[in-house]
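Raw input-v7.txt, compact mmCIF, C-alpha atoms and all ligand atoms:
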```
# COMPACT_ATOMS: atom_id res chain seq x y z
CA MET A 1 152.04 96.96 110.56
CA THR A 2 154.78 96.41 108.00
CA GLN A 3 153.59 95.23 104.61
CA THR A 4 155.37 92.15 103.29
CA LEU A 5 155.46 90.90 99.71
CA LEU A 6 156.02 87.25 98.88
CA VAL A 7 157.73 86.24 95.63
CA ILE A 8 157.21 82.77 94.18
CA ASN A 9 159.17 81.03 91.43
CA SER A 10 157.44 77.70 91.03
CA GLY A 11 158.96 74.77 89.16
CA SER A 12 157.98 71.15 88.56
CA SER A 13 159.08 69.73 91.90
CA SER A 14 160.36 72.74 93.78
CA VAL A 15 159.22 76.23 94.68
CA LYS A 16 161.69 79.04 95.36
CA PHE A 17 160.38 81.94 97.40
CA ALA A 18 161.52 85.20 98.96
CA ALA A 19 159.78 87.60 101.34
CA TYR A 20 160.35 91.36 101.27
CA ASP A 21 159.32 94.03 103.76
CA VAL A 22 158.12 97.31 102.28
CA LEU A 23 160.04 99.93 104.29
CA PRO A 24 158.56 103.35 105.16
CA ASP A 25 160.44 104.96 102.24
CA ALA A 26 158.93 102.24 99.94
CA ALA A 27 162.30 100.48 99.52
CA LEU A 28 162.18 96.69 99.63
CA GLN A 29 164.19 94.67 102.13
CA ARG A 30 164.52 90.94 101.78
CA ILE A 31 163.80 89.30 105.13
CA ALA A 32 163.88 85.63 104.16
CA ASN A 33 164.17 83.30 101.21
CA GLY A 34 163.86 79.60 100.78
CA ARG A 35 162.59 76.66 98.82
CA ILE A 36 160.18 73.81 99.07
CA GLU A 37 161.77 70.77 97.48
CA GLY A 38 160.34 67.37 96.65
CA ILE A 39 156.75 68.44 95.93
CA GLY A 40 154.79 65.37 94.91
CA SER A 41 157.21 63.04 96.70
CA ALA A 42 158.61 64.00 100.12
CA PRO A 43 158.46 67.78 100.41
CA ARG A 44 160.90 69.70 102.56
CA LEU A 45 160.73 73.34 103.61
CA ARG A 46 164.03 75.20 103.86
CA VAL A 47 164.25 78.87 104.84
CA TRP A 48 167.20 81.24 105.24
CA GLY A 49 167.19 84.65 106.94
CA GLN A 50 168.44 88.08 105.88
CA SER A 51 172.12 87.19 106.11
CA GLY A 52 171.76 83.67 104.78
CA GLU A 53 171.49 82.05 108.20
CA PRO A 54 169.37 78.86 108.20
CA LEU A 55 165.95 79.39 109.84
CA GLU A 56 164.12 76.19 108.94
CA ASP A 57 164.80 72.79 107.42
CA ARG A 58 162.07 70.23 107.93
CA ARG A 59 159.89 67.65 106.23
CA ILE A 60 156.37 68.81 105.44
CA SER A 61 153.79 66.23 106.40
CA VAL A 62 150.06 66.18 106.95
CA SER A 63 148.95 63.25 109.13
CA ASP A 64 150.70 60.15 107.75
CA ASP A 65 150.71 61.19 104.11
CA PRO A 66 154.25 62.11 103.03
CA VAL A 67 153.24 62.70 99.38
CA LEU A 68 151.90 66.21 99.11
CA GLY A 69 150.94 68.42 96.18
CA PRO A 70 151.44 72.17 95.69
CA GLU A 71 148.42 73.22 97.76
CA GLU A 72 149.65 71.47 100.91
CA ALA A 73 153.15 72.77 100.24
CA PHE A 74 151.90 76.36 100.09
CA GLU A 75 149.79 75.78 103.18
CA ALA A 76 152.97 74.82 105.04
CA LEU A 77 154.80 77.89 103.70
CA PHE A 78 152.02 80.27 104.74
CA GLU A 79 151.82 78.62 108.14
CA TRP A 80 155.56 79.17 108.59
CA LEU A 81 155.26 82.80 107.47
CA GLY A 82 152.34 83.33 109.87
CA GLN A 83 154.40 82.01 112.77
CA HIS A 84 157.42 84.16 111.95
CA ALA A 85 155.85 87.38 110.76
CA ALA A 86 154.70 89.17 113.90
CA GLY A 87 153.88 92.82 113.14
CA ARG A 88 153.66 92.13 109.41
CA THR A 89 150.79 91.78 106.98
CA LEU A 90 151.08 89.99 103.65
CA GLY A 91 150.18 92.53 100.94
CA ALA A 92 150.52 90.42 97.79
CA VAL A 93 152.24 87.51 96.11
CA GLY A 94 154.29 88.09 92.96
CA HIS A 95 154.95 85.20 90.60
CA ARG A 96 157.41 84.47 87.86
CA VAL A 97 155.33 83.40 84.85
CA VAL A 98 157.49 82.24 81.99
CA HIS A 99 155.22 82.92 79.00
CA GLY A 100 153.01 85.98 78.57
CA GLY A 101 152.56 85.45 74.82
CA GLU A 102 151.52 88.49 72.81
CA LEU A 103 148.81 89.37 75.32
CA PHE A 104 150.94 90.33 78.32
CA THR A 105 153.58 93.00 77.92
CA ARG A 106 153.34 94.27 81.51
CA PRO A 107 152.94 92.60 84.90
CA ALA A 108 149.28 91.80 85.58
CA ARG A 109 147.16 91.33 88.67
CA VAL A 110 145.78 87.84 88.21
CA THR A 111 142.05 87.32 87.76
CA PRO A 112 140.32 84.07 86.78
CA ALA A 113 140.06 85.38 83.19
CA ILE A 114 143.80 86.16 83.07
CA LEU A 115 144.63 82.76 84.53
CA ALA A 116 142.64 81.12 81.72
CA GLN A 117 144.52 83.19 79.10
CA LEU A 118 147.87 82.23 80.63
CA ALA A 119 146.90 78.57 80.62
CA GLY A 120 146.58 78.94 76.83
CA PHE A 121 150.42 79.30 76.66
CA THR A 122 151.12 76.01 78.43
CA ALA A 123 152.13 74.20 75.24
CA LEU A 124 154.66 76.97 74.58
CA ALA A 125 156.42 76.47 77.93
CA PRO A 126 155.54 72.97 79.13
CA LEU A 127 158.45 72.79 81.57
CA HIS A 128 157.43 75.95 83.45
CA GLN A 129 153.98 77.40 82.71
CA PRO A 130 151.85 74.64 84.32
CA HIS A 131 153.83 74.92 87.56
CA ASN A 132 153.80 78.72 87.54
CA LEU A 133 150.02 78.63 87.20
CA SER A 134 149.39 75.82 89.66
CA ALA A 135 151.13 77.95 92.33
CA ILE A 136 148.74 80.83 91.58
CA ARG A 137 145.74 78.48 91.71
CA ALA A 138 146.87 76.86 94.96
CA ILE A 139 147.33 80.24 96.67
CA ALA A 140 144.02 81.57 95.28
CA SER A 141 142.18 78.60 96.71
CA LEU A 142 143.79 79.14 100.13
CA TYR A 143 143.50 82.97 100.17
CA PRO A 144 141.00 84.12 97.53
CA ASP A 145 141.32 87.81 98.50
CA LEU A 146 145.11 87.99 98.48
CA PRO A 147 146.31 89.97 95.42
CA GLN A 148 148.53 87.93 93.10
CA VAL A 149 150.66 89.50 90.38
CA ALA A 150 152.09 87.67 87.35
CA CYS A 151 155.46 88.94 86.07
CA PHE A 152 156.56 87.67 82.68
CA ASP A 153 159.88 86.39 81.37
CA THR A 154 158.86 87.38 77.86
CA GLU A 155 158.14 91.04 78.66
CA PHE A 156 161.70 92.40 78.52
CA HIS A 157 162.06 91.29 74.90
CA THR A 158 159.05 93.15 73.52
CA THR A 159 161.47 95.94 72.47
CA GLN A 160 163.14 93.70 69.87
CA PRO A 161 162.86 94.82 66.25
CA TRP A 162 160.56 92.90 63.92
CA VAL A 163 163.44 91.06 62.23
CA ALA A 164 164.63 89.66 65.58
CA GLN A 165 161.13 88.46 66.46
CA ALA A 166 160.02 87.09 63.12
CA CYS A 167 160.18 83.49 61.94
CA ALA A 168 160.45 83.12 58.18
CA LEU A 169 157.09 81.39 58.01
CA PRO A 170 153.98 82.36 56.07
CA ARG A 171 152.27 85.51 57.31
CA GLN A 172 149.21 83.79 58.72
CA ILE A 173 151.40 81.64 61.00
CA THR A 174 153.29 84.68 62.31
CA GLU A 175 150.01 86.52 62.80
CA ALA A 176 148.76 83.57 64.87
CA GLY A 177 151.53 84.39 67.38
CA VAL A 178 154.29 82.08 66.14
CA LYS A 179 157.26 84.39 66.63
CA ARG A 180 160.39 84.70 68.75
CA TYR A 181 159.48 85.91 72.25
CA GLY A 182 162.69 85.38 74.24
CA PHE A 183 162.83 84.41 77.93
CA HIS A 184 164.80 84.99 81.17
CA GLY A 185 163.43 88.54 80.87
CA LEU A 186 163.17 89.14 84.63
CA SER A 187 166.84 88.28 85.02
CA TYR A 188 167.85 90.51 82.08
CA GLU A 189 165.68 93.33 83.38
CA TYR A 190 167.42 93.18 86.75
CA ILE A 191 170.87 93.17 85.11
CA ALA A 192 169.83 96.10 82.87
CA SER A 193 168.70 98.02 85.97
CA VAL A 194 172.11 97.70 87.67
CA LEU A 195 174.36 97.95 84.57
CA PRO A 196 175.02 101.72 84.91
CA ASP A 197 176.22 101.26 88.51
CA GLN A 198 178.89 98.83 87.30
CA LEU A 199 179.70 99.71 83.70
CA GLY A 200 179.10 103.48 83.64
CA ALA A 201 178.54 104.82 80.13
CA VAL A 202 179.24 101.42 78.55
CA ALA A 203 175.96 100.20 80.10
CA ASN A 204 174.02 101.93 77.33
CA GLY A 205 176.27 100.60 74.60
CA ARG A 206 176.32 97.18 72.92
CA VAL A 207 176.11 94.58 75.66
CA VAL A 208 175.50 90.83 75.63
CA VAL A 209 174.29 89.25 78.87
CA ALA A 210 174.79 85.50 79.26
CA HIS A 211 172.24 84.00 81.64
CA LEU A 212 173.79 80.56 82.19
CA GLY A 213 171.78 78.52 84.69
CA ASN A 214 169.73 75.37 84.35
CA GLY A 215 168.07 77.20 81.51
CA ALA A 216 170.50 79.28 79.46
CA SER A 217 170.26 82.10 76.96
CA LEU A 218 172.04 85.18 75.69
CA CYS A 219 170.45 88.60 75.32
CA ALA A 220 171.84 91.39 73.17
CA MET A 221 171.08 94.84 74.59
CA ARG A 222 171.55 98.31 73.23
CA GLY A 223 170.52 101.23 75.43
CA ARG A 224 169.70 98.53 78.03
CA ARG A 225 166.84 97.27 75.85
CA SER A 226 166.65 93.80 74.37
CA VAL A 227 167.40 93.77 70.66
CA SER A 228 167.89 90.02 70.21
CA SER A 229 167.94 86.80 72.20
CA THR A 230 168.96 83.20 71.61
CA MET A 231 165.63 81.89 72.93
CA GLY A 232 162.70 82.09 70.60
CA PHE A 233 159.09 80.92 70.39
CA THR A 234 159.78 78.60 73.31
CA ALA A 235 162.54 78.30 75.92
CA LEU A 236 164.00 75.38 73.92
CA ASP A 237 165.91 77.43 71.36
CA GLY A 238 169.49 78.65 71.44
CA LEU A 239 172.14 77.41 73.85
CA VAL A 240 172.66 73.91 75.20
CA MET A 241 170.98 73.76 78.64
CA GLY A 242 170.75 71.37 81.58
CA THR A 243 168.19 69.10 79.91
CA ARG A 244 167.15 71.12 76.82
CA CYS A 245 168.81 70.74 73.43
CA GLY A 246 168.90 74.37 72.28
CA SER A 247 168.98 75.13 68.54
CA LEU A 248 167.94 72.17 66.44
CA ASP A 249 167.23 71.73 62.76
CA PRO A 250 163.39 71.55 62.66
CA GLY A 251 163.83 68.66 60.23
CA VAL A 252 165.07 66.58 63.18
CA VAL A 253 161.67 66.95 64.84
CA LEU A 254 159.91 65.84 61.66
CA TYR A 255 162.22 62.84 61.38
CA LEU A 256 161.74 61.85 65.03
CA MET A 257 158.00 61.69 64.41
CA SER A 258 157.70 60.44 60.85
CA GLY A 259 160.94 58.42 60.64
CA LEU A 260 161.22 57.05 64.17
CA GLY A 261 157.50 57.04 64.97
CA MET A 262 157.83 59.07 68.15
CA SER A 263 154.70 60.71 69.55
CA VAL A 264 154.44 64.45 70.20
CA GLN A 265 154.68 63.74 73.96
CA ALA A 266 157.80 61.59 73.52
CA VAL A 267 159.50 64.26 71.38
CA GLU A 268 158.55 66.95 73.91
CA LYS A 269 160.07 64.88 76.72
CA LEU A 270 163.22 64.19 74.68
CA LEU A 271 163.86 67.82 73.78
CA TYR A 272 162.91 69.43 77.11
CA GLU A 273 163.96 66.83 79.68
CA GLN A 274 166.44 64.33 78.24
CA SER A 275 168.77 66.40 76.09
CA GLY A 276 171.33 69.15 76.77
CA LEU A 277 174.13 68.46 79.27
CA LEU A 278 172.23 65.43 80.56
CA GLY A 279 171.66 63.87 77.16
CA VAL A 280 175.16 64.47 75.80
CA SER A 281 177.09 63.55 78.97
CA GLY A 282 174.74 60.73 79.96
CA ILE A 283 175.72 61.71 83.52
CA SER A 284 173.90 64.77 84.80
CA SER A 285 172.12 68.01 83.92
CA ASP A 286 174.07 69.74 86.68
CA MET A 287 177.18 71.58 85.48
CA ARG A 288 179.05 70.96 88.74
CA THR A 289 178.66 67.19 88.33
CA VAL A 290 179.56 67.29 84.63
CA GLU A 291 182.62 69.48 85.31
CA ALA A 292 183.76 67.06 88.03
CA SER A 293 183.55 64.04 85.73
CA ALA A 294 186.55 62.73 83.78
CA ALA A 295 184.33 60.79 81.34
CA PRO A 296 184.95 61.71 77.66
CA GLU A 297 181.20 62.23 77.21
CA ALA A 298 181.23 64.84 80.00
CA ARG A 299 184.15 66.66 78.26
CA GLN A 300 182.20 66.60 75.01
CA ALA A 301 179.07 67.94 76.69
CA ILE A 302 181.05 70.93 77.99
CA ASP A 303 182.78 71.40 74.62
CA LEU A 304 179.39 71.59 72.93
CA TYR A 305 178.01 73.88 75.66
CA VAL A 306 180.92 76.32 75.16
CA TYR A 307 180.89 76.03 71.35
CA ARG A 308 177.25 77.06 71.17
CA ILE A 309 177.76 80.03 73.51
CA ALA A 310 180.76 81.23 71.49
CA GLN A 311 178.92 80.74 68.20
CA GLN A 312 175.77 82.53 69.33
CA LEU A 313 177.74 85.30 71.01
CA GLY A 314 179.15 86.01 67.54
CA SER A 315 175.65 86.01 66.13
CA LEU A 316 174.37 88.49 68.73
CA ALA A 317 177.46 90.69 68.32
CA ALA A 318 176.60 90.77 64.60
CA SER A 319 173.04 91.84 65.38
CA LEU A 320 174.46 94.65 67.56
CA GLY A 321 177.14 95.59 65.01
CA GLY A 322 179.88 95.16 67.65
CA LEU A 323 180.36 94.46 71.32
CA GLU A 324 181.44 96.63 74.24
CA ALA A 325 180.57 94.44 77.22
CA LEU A 326 179.86 90.83 78.07
CA VAL A 327 178.12 90.00 81.36
CA PHE A 328 177.93 86.53 82.92
CA THR A 329 175.08 85.73 85.31
CA ALA A 330 173.02 82.88 86.90
CA GLY A 331 174.32 79.65 88.52
CA ILE A 332 176.96 78.67 85.94
CA GLY A 333 177.76 82.20 84.75
CA GLU A 334 178.32 83.44 88.30
CA ASN A 335 180.17 80.40 89.67
CA SER A 336 182.09 78.52 87.00
CA ALA A 337 185.41 80.29 86.37
CA SER A 338 186.54 77.56 83.97
CA LEU A 339 183.42 77.92 81.85
CA ARG A 340 183.87 81.72 81.71
CA ARG A 341 187.53 81.27 80.74
CA ARG A 342 186.67 78.94 77.88
CA VAL A 343 183.94 81.23 76.52
CA CYS A 344 186.27 84.23 76.74
CA GLU A 345 189.08 82.37 74.95
CA ASP A 346 186.71 81.59 72.09
CA ALA A 347 185.57 85.23 72.04
CA ALA A 348 189.11 86.66 71.79
CA TRP A 349 188.45 87.60 68.13
CA LEU A 350 185.75 90.01 69.38
CA GLY A 351 188.31 91.83 71.55
CA VAL A 352 187.67 89.94 74.78
CA ALA A 353 190.74 89.65 77.05
CA LEU A 354 190.11 87.92 80.35
CA ASP A 355 192.09 88.66 83.51
CA GLU A 356 192.44 85.07 84.64
CA GLU A 357 193.45 86.01 88.18
CA THR A 358 190.29 88.04 88.87
CA ASN A 359 188.24 85.44 87.00
CA GLN A 360 189.50 82.71 89.34
CA ALA A 361 189.35 84.89 92.46
CA GLY A 362 185.61 84.42 92.84
CA GLY A 363 183.51 86.57 95.18
CA SER A 364 179.82 87.07 95.58
CA GLY A 365 179.21 90.57 94.21
CA ALA A 366 179.50 92.23 90.79
CA ARG A 367 183.06 92.19 89.48
CA CYS A 368 185.00 93.07 86.34
CA ILE A 369 187.09 90.13 85.12
CA SER A 370 188.64 91.55 81.93
CA THR A 371 192.11 93.08 81.61
CA ALA A 372 192.53 96.86 81.64
CA GLY A 373 193.31 96.73 77.91
CA SER A 374 190.40 94.49 76.88
CA ARG A 375 188.29 96.06 74.11
CA VAL A 376 185.26 94.29 75.60
CA ALA A 377 184.58 94.74 79.33
CA VAL A 378 183.75 91.37 80.89
CA TRP A 379 181.70 91.30 84.08
CA VAL A 380 180.13 88.85 86.48
CA ILE A 381 176.91 90.31 87.90
CA PRO A 382 174.72 88.17 90.18
CA THR A 383 171.13 88.21 89.00
CA ASN A 384 168.13 88.88 91.24
CA GLU A 385 164.88 87.90 89.52
CA GLU A 386 163.07 87.80 92.88
CA LEU A 387 163.77 91.48 93.59
CA MET A 388 162.52 92.40 90.12
CA ILE A 389 159.28 90.49 90.74
CA ALA A 390 158.88 92.14 94.16
CA ARG A 391 159.37 95.60 92.62
CA HIS A 392 156.79 94.94 89.90
CA THR A 393 154.35 93.51 92.45
CA GLN A 394 154.74 96.60 94.60
CA ALA A 395 154.17 98.84 91.55
CA VAL A 396 151.02 96.96 90.52
CA LEU A 397 149.66 97.20 94.08
CA GLN A 398 150.31 100.95 94.04
CA GLY A 399 148.53 101.30 90.70
CA ARG A 400 151.77 102.20 88.86
CA GLY A 401 151.38 99.31 86.42
CA ALA A 402 155.04 98.23 86.40
CA HIS A 403 158.25 99.12 88.18
CA ASP A 404 160.11 101.74 86.15
CA TRP A 405 163.63 100.37 86.52
CA ARG A 406 165.07 103.01 84.20
CA SER A 407 164.15 105.77 86.66
CA GLY A 408 166.69 104.38 89.12
CA ARG A 409 164.01 104.40 91.84
CA VAL A 410 163.82 101.40 94.10
P1 LIG B 501 170.49 78.23 88.28
O1 LIG B 501 169.45 77.65 87.36
O2 LIG B 501 170.79 79.68 87.98
O3 LIG B 501 170.22 77.98 89.74
O4 LIG B 501 171.85 77.46 87.95
C1 LIG B 501 171.98 76.08 88.16
C2 LIG B 501 173.25 75.60 87.48
O5 LIG B 501 174.39 76.29 88.04
C3 LIG B 501 173.52 74.10 87.68
O6 LIG B 501 173.94 73.52 86.45
C4 LIG B 501 174.68 74.10 88.67
O7 LIG B 501 175.51 72.98 88.53
C5 LIG B 501 175.42 75.35 88.23
N1 LIG B 501 176.38 75.79 89.26
C6 LIG B 501 176.13 76.29 90.48
N2 LIG B 501 177.29 76.49 91.15
C7 LIG B 501 178.29 76.10 90.32
C8 LIG B 501 179.72 76.05 90.41
N3 LIG B 501 180.36 76.45 91.50
N4 LIG B 501 180.42 75.60 89.35
C9 LIG B 501 179.79 75.18 88.23
N5 LIG B 501 178.44 75.20 88.07
C10 LIG B 501 177.71 75.66 89.10
```
As structure tokens - that is how I would like this structure written.
Amino acid sequence: MTQTLLVINSGSSSVKFAAYDVLPDAALQRIANGRIEGIGSAPRLRVWGQSGEPLEDRRISVSDDPVLGPEEAFEALFEWLGQHAAGRTLGAVGHRVVHGGELFTRPARVTPAILAQLAGFTALAPLHQPHNLSAIRAIASLYPDLPQVACFDTEFHTTQPWVAQACALPRQITEAGVKRYGFHGLSYEYIASVLPDQLGAVANGRVVVAHLGNGASLCAMRGRRSVSSTMGFTALDGLVMGTRCGSLDPGVVLYLMSGLGMSVQAVEKLLYEQSGLLGVSGISSDMRTVEASAAPEARQAIDLYVYRIAQQLGSLAASLGGLEALVFTAGIGENSASLRRRVCEDAAWLGVALDEETNQAGGSGARCISTAGSRVAVWVIPTNEELMIARHTQAVLQGRGAHDWRSGRV
């Protein structure tokens, strides 16, 4: 029997998943990936095979009830896996969990006690944590004996120096855990693991990785370790995102509540769900839609998006004392040539010189898009958070604690 690992990245209304076979030499091979969309309304299961070929695309329904929650959605997913996994046994499920707080600095096999501790971080990641945990709960109630492993987006940043993590607040507040954690760690960890293959010796130099997706952040790395990030205590800080505002004067929050009489819930909704590209453009949180619009508000939303990246790139370069490489990743970073061009133009003062032809050429793999003479190497490297989660899950199952991505072993 081949052991298979399932990876889950669970959001508010959709669940992304991937299944990996553990090969005889312990390497992982992705056999399928997919998503369940429309949870809580009209869920749909979509699955693609090894080479991206569509395997399934159907409505999930139980009797006549089209409105299903996460438990029914996972039931449908496991049923599909059961029907298509002859000769395989499911060894474990690995989950992306956005916030591990100060307690979790390594992937952890989930127990009821750990689940309760993770629930304590819900207020710190309201857009993600409840959905990450409800996936774990739903699967535990269906398969109580199936090992589940939580992999944290905060973990990669635990190497940051004290000054990068500290908020200038009184000691007792910092000691209560109010500090800068940083996020998108599974994506950065994957990029750090493949950097030497692409960048050679520069990989261990001063590198900024720009994870530009629905959520967006920058991470400054030296020696492939995080030294600073634009995200902080929560995943609200830093860059402009799809629906999140990024950096904001904390006085604005006080004014929204005391001056405009908004409740905590209303402010939370405003900052996490109604701001960013969506709030500024008034059109969409989706970069493709905003880029396609000729409305002046859409232009301004992109101007602000680029301005903040350029500004914070300068800030991270300062924390590194220079810059040798810039890496773009995630949905926007990997796919929007015009966005990359604009960021690189603004970063010319750092020594960035883009080769516009290779930038425009596209492609699906890792590629260098700077000129031969550029002082800063600019790369596009597709991220793979799912593989990172699968590797950690495999390591936890084997009692190794965490996947040692620096060893180069897969
Ligand atoms: P992610 O969260 O990594 O899946 O990224 C989602 C974001 O990537 C959305 O804002 C999409 O609009 C954006 N995106 C995906 N493909 C493209 C593209 N070809 N051009 C511009 N933005 C894109």
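Non-sequential neighbours of region 298-306 of chain A (distance at most 7 Å, separation of 6 or more positions within a chain, all atoms listed in the file) are Val240, Leu277, Val280, Ser281, Val290, Arg342 and Val343 of chain A.
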Wanna dump the chain A-ligand LIG 501 (chain B) contacts at 10 Å for me, each residue with its shortest atom pair and the distance in Å to one decimal, counting all atoms listed in the file, ordered by chain and number, as a Markdown table?
```
| residue | atom | partner | partner_atom | distance |
| --- | --- | --- | --- | --- |
| A:Ser187 | CA | B:LIG501 | O2 | 9.9 |
| A:His211 | CA | B:LIG501 | O2 | 7.8 |
| A:Leu212 | CA | B:LIG501 | O2 | 6.6 |
| A:Gly213 | CA | B:LIG501 | O4 | 3.4 |
| A:Asn214 | CA | B:LIG501 | O1 | 3.8 |
| A:Gly215 | CA | B:LIG501 | O1 | 6.0 |
| A:Ala216 | CA | B:LIG501 | O1 | 8.1 |
| A:Met241 | CA | B:LIG501 | O6 | 8.4 |
| A:Gly242 | CA | B:LIG501 | O6 | 6.2 |
| A:Thr243 | CA | B:LIG501 | O6 | 9.8 |
| A:Leu277 | CA | B:LIG501 | O6 | 8.8 |
| A:Ser284 | CA | B:LIG501 | O6 | 8.9 |
| A:Ser285 | CA | B:LIG501 | O6 | 6.3 |
| A:Asp286 | CA | B:LIG501 | O6 | 3.8 |
| A:Met287 | CA | B:LIG501 | O7 | 3.7 |
| A:Arg288 | CA | B:LIG501 | O7 | 4.1 |
| A:Thr289 | CA | B:LIG501 | O7 | 6.6 |
| A:Val290 | CA | B:LIG501 | O7 | 8.0 |
| A:Glu291 | CA | B:LIG501 | C9 | 7.0 |
| A:Ala292 | CA | B:LIG501 | C9 | 9.0 |
| A:Thr329 | CA | B:LIG501 | O2 | 7.9 |
| A:Ala330 | CA | B:LIG501 | O2 | 4.0 |
| A:Gly331 | CA | B:LIG501 | O4 | 3.3 |
| A:Ile332 | CA | B:LIG501 | O5 | 4.1 |
| A:Gly333 | CA | B:LIG501 | O5 | 7.6 |
| A:Glu334 | CA | B:LIG501 | N2 | 7.6 |
| A:Asn335 | CA | B:LIG501 | N3 | 4.4 |
| A:Ser336 | CA | B:LIG501 | N4 | 4.1 |
| A:Ala337 | CA | B:LIG501 | N4 | 7.5 |
| A:Ser338 | CA | B:LIG501 | C9 | 8.3 |
| A:Leu339 | CA | B:LIG501 | C9 | 7.8 |
| A:Gly362 | CA | B:LIG501 | N3 | 9.6 |
| A:Pro382 | CA | B:LIG501 | O2 | 9.6 |
| A:Thr383 | CA | B:LIG501 | O2 | 8.6 |
```
request  = Point out the residue among A:Gln398, A:Gln265, A:Thr393, A:Thr89 with the least atom-to-atom distance to Met1 (chain A), counting all atoms listed in the file.
outcome  = A:Thr89
Excluding Ala325 (chain A) and residues on its chain fewer than 3 positions from it, collect all residues at most 7 Å away from it, counting only C-alpha atoms, and give them as a tab-separated table (two decimals) with C-alpha atoms, keeping the file's coordinate frame.
```
chain	number	residue	atom	x	y	z
A	206	ARG	CA	176.32	97.18	72.92
A	207	VAL	CA	176.11	94.58	75.66
A	208	VAL	CA	175.50	90.83	75.63
A	376	VAL	CA	185.26	94.29	75.60
A	377	ALA	CA	184.58	94.74	79.33
A	378	VAL	CA	183.75	91.37	80.89
```
task = Select, from A:Ala235, A:Leu127, A:Leu397, A:Val149, the residue with the minimum atom-to-atom distance to Arg180 (chain A), counting all atoms listed in the file.
result =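 Result for the nearest residue to Arg180 (chain A): A:Ala235.
In this model, the gap between CA of Val110 (chain A) and CA of Pro147 (chain A) comes to 7.5 Å.
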message = Nearest residue to Pro196 (chain A) out of A:Leu316, A:Ala164, A:Ile381, A:Ile36, using all atoms listed in the file?
response =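 Closest candidate: A:Ile381.
Of the residues under consideration (A:Ile8, A:Cys167, A:Arg88, A:Ala116), A:Ile8 shows the shortest atom-to-atom contact distance to Asn132 (chain A) when counting only C-alpha atoms.
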query = To one decimal place, how far is CA of Arg222 (chain A) from CA of Gly205 (chain A) in Å?
reply =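 So the answer is 5.4 Å.
Put simply, CA of Leu254 (chain A) is 13.5 Å away from CA of Leu270 (chain A).
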request  = Write out as a list in words which residues come within 9 Å of Arg96 (chain A) when counting all atoms listed in the file, dropping same-chain ones fewer than 5 positions away.
outcome  =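 Neighbouring residues, sequence-local ones excluded: Val7, Ile8, Asn9, Ser10, Asn132, Val149, Ala150, Cys151, Phe152, Asp153, Leu186, Glu385, Glu386 and Ile389 of chain A.
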task = Would you list the contacts of region 75-78 of chain A as a ChimeraX atom specification, taking every protein, DNA or RNA residue within 12 Å and counting only C-alpha atoms, but skipping same-chain residues closer than 3 positions in sequence?
result = /A:6-8,15-19,32-37,39,43-47,56-62,68-72,81-85,89-90,93,135,138-143
note = Closest of A:Pro130, A:Gly40, A:Gly87, A:Gly52 to Gly11 (chain A), counting all atoms listed in the file, is A:Pro130
task = List every protein, DNA or RNA residue with an atom no more than 8 Å from (146.6, 84.3, 88.1) in the file's coordinates, counting all atoms listed in the file, and format the result as a VMD selection string.
result = chain A and resid 109 to 112 114 to 115 118 133 136 to 137 148 to 150
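When all atoms listed in the file are used to measure the gap to Glu155 (chain A), the shortest distance among A:Leu169, A:Val98, A:Ala295, A:Leu195 belongs to A:Val98.
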ask   = Got a sec: who's within 8 Å of Glu189 (chain A), counting only C-alpha atoms, leaving out chain neighbours fewer than 5 positions off, as a ChimeraX atom specification?
value = /A:156,388,405
